[in-house]
Each structure stands twice: as C-alpha cells, then as structure tokens.
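Participant: First the structure, then my questions, so here it is.
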Amino acid sequence: MTLAFAMDWLNLLFRWAHLIVGIGWIGTSFYFIALDLSLRKRESMKEGVLGTAWEVHGGGFYHVEKYMTAPKELPDDLIWYKWEAYLTWVTGFALLVVQYYFNATAYLIDPSVLKLMPSEAVLISIASLVAGWFIYDKLCKSPIGRNTPLLAVCVFVLILAAAYMFTHVFSGRGALIHIGAFIGTIMAVNVFGVIIPNQKKIAASLMAGEAPDPALGAIGKQRSVHNNYLTLPVLLMMVSNHYPMLTGHPHAWLLVALVLIIGGMVRHFFNRHDAGDEFGKFWWSLPLAAVATMAAIVMTAPRDFSGSQTVSDATVLQMARTHCAICHSANPTYEGFDEAPKEIELDTVANLHRYADLIMAQAVQSDAMPLGNETGMTAEDRATLGAWISQQK
C-alpha cells in the first residue's frame, strides 16, 4: 500500500466524518435558535419558565419549555449538545492536516503569493487560528461586546482582516479553506470554552442550592447566536476549493466580505421570521443579500480571450506537458500522485479539447492549477491558453 493511497483513504474518512458531525452541529444550531425564537408566554406557565412552544413532527406533538436559568431540579439524563461541535472541529482539523499540511507545497503554498517552507506555512496556519479566537474573545468581553451592532461590525472586520492576510500568504485554495477554519475555530471554542462551561456552572449552582448567575446564560446565548449567524458563511468557505472562480480570484478577500453579508442576511431573515417579527422590520435583509450576490457574480465574471491571438495546437500541447502533465498523465511524476487526479489526462491535443472548459476554469480564469504553481505558469501563459480554447469555439 502506497503512502498516496493511505492518505487518500484518510482524507475520505475524515471528510465523511466531518460532514456527518457537521450536519449534526449545524442542525442543532438551527433548531435551537428557531426554537428559542418561537417561544411564547402563555397562561399558567410554571415558575421560572420564560416561554413555551408547541411543535408537531413525526406523527407526534411536543411541548417544550424554556427556563431562564434552570428549574429547581435537574434530571440525571439531561442531554448536553456539545460533541457535535467538538467532533466537527476535530475532524475538520484532521482533514486540514491530511489535505493541506502533508501536501503543503501543492495545496497550501503558492510561491507567486509568498515563498514559504512547509513548516513555516503550518506554523502560520496554527498561530492564526489561535490568535483569531483570542482576539474575538477579547472583543466579546470588552465594552464593545455589550453593543451588538458594533460587535457585529468588529467581528466582520476581524474576519475580513484574516481573509486579507490569508490571501496574501497562502495559495487561493489554502486561503479560503483557512478562512473557513478561522471562523469554525471561533465557533467551536465558543461551545467548548464558553457555552458548555457556563451551563455547567449554572447546573453546579443548582445542585449546591445556590441561585445561578443569569449573566452566564446571557453570555452563552450571545455566543450561540454568533455561531448561528456564522454558519452559512463557514459552509461556503469549506466547499470553496471546488470553485476556482472564488479561490483563484485576485481579490478573494473581497468576495469573502460579500459571502459574510449574504450568509448573515439570509440567516437574519429566517431568524426574525421565526421570531414572529413584523415583516416590515426585516424585509430589507433578503434584498441586501441579493445585491451582495449580484456583486459577487459581477466580480467573478469570466474574462474574454477571443480574438486576442492565434495559437497553434503544438504550442498548447507543449505548455500542457510543461505545466499540467506532471500530474495529469497516465504516469504522473508529481510526488504523491499514483494516477491522474479525477482520471483527467492532459498530454494529448484530443484530451485538451475534451477538457477545455475545465482547463479554462482552473488554469485560465483562475490560477488554481497547476497546484501551488510550482511549474511557474505565468499570466502570459494563461492568456495564451485562454486564446487557444476560445478559438476552438
């Protein structure tokens, strides 16, 4: 069994696990925020109950009550929703290690962006994730944290600053996946370092016959709401490596700003709808998301290479053998590849015609390929390749 084969299986298993536990975490986040917003005050509620909700699902009816801190007694089988968050981060970081740390020269480093040793890239990666959490946490605990709109702007700026830094340090793929990891780390540590510890302190106070501190619940709720609003942007960041129009854009950090606006506004619309607010108070969120979406579409519009120059098949074939065939051939020479990725071989003119649209997206309209641009493909090379593909149509 080769190392490449083993790494492929680790990648697959961690990705599968990450998807499974991530669905669980996102599902509980969406559910509990929607549940919290659907609570209503009713007559004859129990002492300490903030509100109740009636729900129907799976052929049965559910009656849910929410206490401001906790009831006078807690059952032994109290359910804690925490492992979904913990395992999402653990599997995500494991996937980051397998995909990006072990293949740093291919997926994480682009010499045309910044020349780094693999160890330097990994160190920057880990340090940035840790620093991101501490800066975010300090913002929440500062006086800024008591002003929700101002805190939202500061967190937006923090993520945007991280995005700018990542896009000027890592490859396109590496940058956007790190923005996702940056946000995901904040979300996971919110659960591990704030929400669950605060809930445990509340439970401990109850067991000791003491009155729990209401501030603990309020802080946990704040972080939970933050996680809810960050969910949609982080999901897009995690799948961004499938879309070179995002990862290969020269101003990808601006696209991140638009993604934050789109995801946040869509989430806001559904949250306020679930809360039963008047439509006139939140209708603007979807049009704002639509404007941001149109701006992203305009930013990523493909360049036109038609008529720029006439390029021969021989020129393009030689270019493909120099920049593409080290991976995309029947016998790849690039370390870590036993076969052509996705079985796409680019060492004949016929195959260059066959995969022209993919080549245009990956190597012309963006610089996603070659991996890490280790072969030094220039902007002129990409323009030549784009002209050849355009003249075939």
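How things are named: the first chain in the structure tokens is A, the next is B, and so on; residues count from 1 in each chain; ligands count from 1 in the order shown.
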Would you pick out the contacts of Val49 of chain A at 8 Å or less, using only C-alpha atoms, so that residues sharing its chain but fewer than 3 positions from it are not included, and give the list as a list in words?
Facilitator: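 The residues that qualify are Met45, Lys46, Thr52, Glu65, Lys66, Tyr67 and Met68 of chain A.
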Participant: For segment 113-117 of chain A, work out the shell of residues within 8 Å, counting only C-alpha atoms and skipping chain neighbours fewer than 4 positions away, then give it as an MDAnalysis selection string.
Facilitator: chainID A and resid 109 121 168:171
Participant: Just the residues within 12 Å of Gly184 of chain A, please, counting only C-alpha atoms, with nothing from its chain fewer than 3 positions along; format it as an MDAnalysis selection string.
Facilitator: chainID A and resid 22 25:26 85:93 129:130 132:133 159 177:181 187:191 226:238
Participant: Figure out the distance between atom CA of Arg173 of chain A and atom CA of Leu385 of chain A, please, to one decimal in Å.
Facilitator: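 Calculated distance between atom CA of Leu385 of chain A and atom CA of Arg173 of chain A is 21.5 Å.
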Participant: With only C-alpha atoms as the basis for distance, which of A:Lys41, A:Ile183, A:Gln365, A:Asp213 is at the shortest distance from Lys201 of chain A?
Facilitator: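 Nearest to Lys201 of chain A: A:Asp213.
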Participant: Go through A:Arg354, A:Lys221, A:Lys200, A:His323 one by one, measure the shortest atom-to-atom distance of each to Gly372 of chain A using only C-alpha atoms, and give the residue with the smallest value.
Facilitator: A:His323
Participant: Which value, in Å to one decimal, gives the distance between atom CA of Leu371 of chain A and atom CA of Arg321 of chain A?
Facilitator: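 Interatomic distance, atom CA of Leu371 of chain A to atom CA of Arg321 of chain A: 14.5 Å.
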Participant: Here is a test: counting only C-alpha atoms, which residue of A:Glu84, A:Gly59, A:Trp54, A:Val298 is nearest to Gly24 of chain A?
Facilitator: A:Glu84
Participant: Taking only C-alpha atoms into account, produce a table as a Markdown table in which each residue of segment 80-179 of chain A with an atom at most 9 Å from an atom of segment 248-262 of chain A appears once, together with its shortest atom pair and the distance in Å to one decimal, ordered by chain and rising number.
Facilitator:
```
| residue | atom | partner | partner_atom | distance |
| --- | --- | --- | --- | --- |
| A:Phe156 | CA | A:Leu260 | CA | 7.6 |
| A:Val157 | CA | A:Ala257 | CA | 8.9 |
| A:Ile159 | CA | A:Ala257 | CA | 8.4 |
| A:Leu160 | CA | A:Ala257 | CA | 6.3 |
| A:Ala161 | CA | A:Trp253 | CA | 8.4 |
| A:Ala162 | CA | A:Trp253 | CA | 8.7 |
| A:Ala163 | CA | A:Trp253 | CA | 5.1 |
| A:Tyr164 | CA | A:Trp253 | CA | 5.3 |
| A:Met165 | CA | A:Trp253 | CA | 8.6 |
| A:Phe166 | CA | A:Trp253 | CA | 8.4 |
| A:Thr167 | CA | A:Trp253 | CA | 6.7 |
| A:Ser171 | CA | A:Gly248 | CA | 8.5 |
| A:Gly172 | CA | A:Gly248 | CA | 5.4 |
| A:Arg173 | CA | A:Gly248 | CA | 7.6 |
| A:Ala175 | CA | A:Ala252 | CA | 8.8 |
| A:Leu176 | CA | A:Ala252 | CA | 8.0 |
| A:Ile179 | CA | A:Val256 | CA | 8.5 |
```
Participant: Please produce an output containing C-alpha atoms for each residue in the selection, written as a tab-separated table (two decimals), in the first residue's frame.
Facilitator:
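This is the output file part.tsv:
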```tsv
chain	number	residue	atom	x	y	z
A	156	PHE	CA	-16.85	41.32	10.40
A	157	VAL	CA	-13.66	43.42	10.22
A	159	ILE	CA	-12.72	38.02	9.66
A	160	LEU	CA	-12.06	40.32	6.71
A	161	ALA	CA	-8.59	41.17	8.06
A	162	ALA	CA	-7.86	37.45	8.42
A	163	ALA	CA	-9.09	36.89	4.86
A	164	TYR	CA	-6.80	39.63	3.53
A	165	MET	CA	-3.86	38.11	5.41
A	166	PHE	CA	-4.57	34.55	4.25
A	167	THR	CA	-4.93	35.58	0.59
A	171	SER	CA	-2.49	29.70	-2.19
A	172	GLY	CA	-6.05	30.50	-3.26
A	173	ARG	CA	-7.36	27.16	-2.03
A	175	ALA	CA	-6.53	30.89	1.87
A	176	LEU	CA	-10.26	30.28	1.63
A	179	ILE	CA	-10.94	31.48	6.44
```
Participant: Distance atom CA of Ser306 of chain A-atom CA of Ala361 of chain A, one decimal place?
Facilitator: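 Interatomic distance here is 15.1 Å.
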Participant: So which residues touch Gly217 of chain A within 10 Å, counting only C-alpha atoms, skipping near sequence neighbours fewer than 2 positions away, as a PyMOL selection string?
Facilitator: chain A and resi 68-70+195+198-199+201-202+212-215+219-222
Participant: Emit the selected residues as a PDB file, in the first residue's frame, including N, CA and C atoms.
Facilitator:
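See out-v1.pdb below for the written result:
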```
ATOM      1  N   MET A  68     -35.353  30.370  32.424  1.00  0.00           N
ATOM      2  CA  MET A  68     -34.375  31.456  32.314  1.00  0.00           C
ATOM      3  C   MET A  68     -32.968  30.993  32.697  1.00  0.00           C
ATOM      4  N   THR A  69     -32.865  30.249  33.782  1.00  0.00           N
ATOM      5  CA  THR A  69     -31.572  29.688  34.164  1.00  0.00           C
ATOM      6  C   THR A  69     -31.679  28.173  34.206  1.00  0.00           C
ATOM      7  N   ALA A  70     -32.460  27.663  35.122  1.00  0.00           N
ATOM      8  CA  ALA A  70     -32.686  26.217  35.194  1.00  0.00           C
ATOM      9  C   ALA A  70     -33.784  25.975  36.217  1.00  0.00           C
ATOM     10  N   ILE A 195     -19.893  28.334  26.135  1.00  0.00           N
ATOM     11  CA  ILE A 195     -21.288  27.895  26.284  1.00  0.00           C
ATOM     12  C   ILE A 195     -21.423  26.727  27.257  1.00  0.00           C
ATOM     13  N   ASN A 198     -20.279  27.550  30.957  1.00  0.00           N
ATOM     14  CA  ASN A 198     -21.280  28.370  31.639  1.00  0.00           C
ATOM     15  C   ASN A 198     -22.487  27.544  32.060  1.00  0.00           C
ATOM     16  N   GLN A 199     -22.892  26.625  31.172  1.00  0.00           N
ATOM     17  CA  GLN A 199     -24.026  25.759  31.519  1.00  0.00           C
ATOM     18  C   GLN A 199     -23.675  24.853  32.697  1.00  0.00           C
ATOM     19  N   LYS A 201     -21.600  25.584  35.104  1.00  0.00           N
ATOM     20  CA  LYS A 201     -21.602  26.415  36.311  1.00  0.00           C
ATOM     21  C   LYS A 201     -23.029  26.639  36.808  1.00  0.00           C
ATOM     22  N   ILE A 202     -23.950  26.832  35.878  1.00  0.00           N
ATOM     23  CA  ILE A 202     -25.358  27.001  36.252  1.00  0.00           C
ATOM     24  C   ILE A 202     -25.885  25.738  36.926  1.00  0.00           C
ATOM     25  N   PRO A 212     -28.279  30.501  40.408  1.00  0.00           N
ATOM     26  CA  PRO A 212     -27.318  30.644  39.308  1.00  0.00           C
ATOM     27  C   PRO A 212     -27.193  32.097  38.846  1.00  0.00           C
ATOM     28  N   ASP A 213     -26.058  32.447  38.347  1.00  0.00           N
ATOM     29  CA  ASP A 213     -25.809  33.788  37.830  1.00  0.00           C
ATOM     30  C   ASP A 213     -26.464  33.928  36.455  1.00  0.00           C
ATOM     31  N   PRO A 214     -27.474  34.794  36.299  1.00  0.00           N
ATOM     32  CA  PRO A 214     -28.140  34.938  34.993  1.00  0.00           C
ATOM     33  C   PRO A 214     -27.187  35.372  33.888  1.00  0.00           C
ATOM     34  N   ALA A 215     -26.101  36.055  34.256  1.00  0.00           N
ATOM     35  CA  ALA A 215     -25.151  36.534  33.237  1.00  0.00           C
ATOM     36  C   ALA A 215     -24.514  35.376  32.479  1.00  0.00           C
ATOM     37  N   ILE A 219     -24.411  35.240  28.421  1.00  0.00           N
ATOM     38  CA  ILE A 219     -23.163  35.145  27.656  1.00  0.00           C
ATOM     39  C   ILE A 219     -23.200  33.939  26.724  1.00  0.00           C
ATOM     40  N   GLY A 220     -23.679  32.807  27.251  1.00  0.00           N
ATOM     41  CA  GLY A 220     -23.791  31.611  26.414  1.00  0.00           C
ATOM     42  C   GLY A 220     -24.725  31.835  25.237  1.00  0.00           C
ATOM     43  N   LYS A 221     -25.839  32.540  25.488  1.00  0.00           N
ATOM     44  CA  LYS A 221     -26.787  32.831  24.406  1.00  0.00           C
ATOM     45  C   LYS A 221     -26.132  33.713  23.347  1.00  0.00           C
ATOM     46  N   GLN A 222     -25.357  34.721  23.779  1.00  0.00           N
ATOM     47  CA  GLN A 222     -24.681  35.603  22.830  1.00  0.00           C
ATOM     48  C   GLN A 222     -23.775  34.809  21.891  1.00  0.00           C
TER      49      GLN A 222
END
```
Participant: Tell me, which residues of segment 17-61 of chain A carry DSSP strand (DSSP E), written as a PyMOL selection string?
Facilitator: chain A and resi 49-57+60-61
Participant: For the selection just defined, write its residues with N, CA and C atoms to a file, as a compact mmCIF listing (two decimals), in the first residue's frame.
Facilitator:
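Wrote again_0.txt, looks like this:
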```txt
# COMPACT_ATOMS: atom_id res chain seq x y z
N VAL A 49 -40.37 29.67 34.13
CA VAL A 49 -40.41 29.37 32.70
C VAL A 49 -40.50 30.67 31.91
N LEU A 50 -39.60 30.86 30.96
CA LEU A 50 -39.58 32.06 30.13
C LEU A 50 -40.65 32.01 29.06
N GLY A 51 -40.83 30.83 28.46
CA GLY A 51 -41.81 30.67 27.40
C GLY A 51 -41.92 29.21 27.00
N THR A 52 -42.94 28.91 26.22
CA THR A 52 -43.16 27.53 25.78
C THR A 52 -43.44 27.51 24.28
N ALA A 53 -43.28 26.34 23.69
CA ALA A 53 -43.57 26.16 22.27
C ALA A 53 -44.22 24.79 22.06
N TRP A 54 -45.21 24.77 21.19
CA TRP A 54 -45.83 23.51 20.80
C TRP A 54 -45.37 23.19 19.37
N GLU A 55 -44.95 21.94 19.16
CA GLU A 55 -44.45 21.54 17.86
C GLU A 55 -45.02 20.19 17.46
N VAL A 56 -45.05 19.94 16.17
CA VAL A 56 -45.50 18.65 15.66
C VAL A 56 -44.46 18.12 14.69
N HIS A 57 -44.11 16.85 14.83
CA HIS A 57 -43.14 16.23 13.93
C HIS A 57 -43.21 14.72 14.08
N GLY A 60 -46.14 13.02 16.04
CA GLY A 60 -46.36 13.30 17.46
C GLY A 60 -46.31 14.78 17.75
N PHE A 61 -46.76 15.16 18.94
CA PHE A 61 -46.76 16.55 19.38
C PHE A 61 -45.77 16.71 20.53
```
Participant: Just checking: using only C-alpha atoms, which residue out of A:Glu345, A:Asn103, A:Ser29, A:Ser205 ends up closest to Met7 of chain A?
Facilitator: A:Asn103
Participant: Which residues are close to Ala301 of chain A, i.e. within 9 Å by only C-alpha atoms, leaving aside same-chain residues fewer than 4 positions away? Reply as a PyMOL selection string.
Facilitator: chain A and resi 245+296-297
Participant: Give me a file of those residues, with C-alpha atoms, as an mmCIF file, in the first residue's frame.
Facilitator:
```cif
data_model
loop_
_atom_site.group_PDB
_atom_site.id
_atom_site.type_symbol
_atom_site.label_atom_id
_atom_site.label_comp_id
_atom_site.auth_asym_id
_atom_site.auth_seq_id
_atom_site.Cartn_x
_atom_site.Cartn_y
_atom_site.Cartn_z
ATOM 1 C CA MET A 245 -13.737 31.428 -9.571
ATOM 2 C CA ALA A 296 -20.092 38.584 -6.349
ATOM 3 C CA ILE A 297 -21.345 37.390 -9.739
#
```
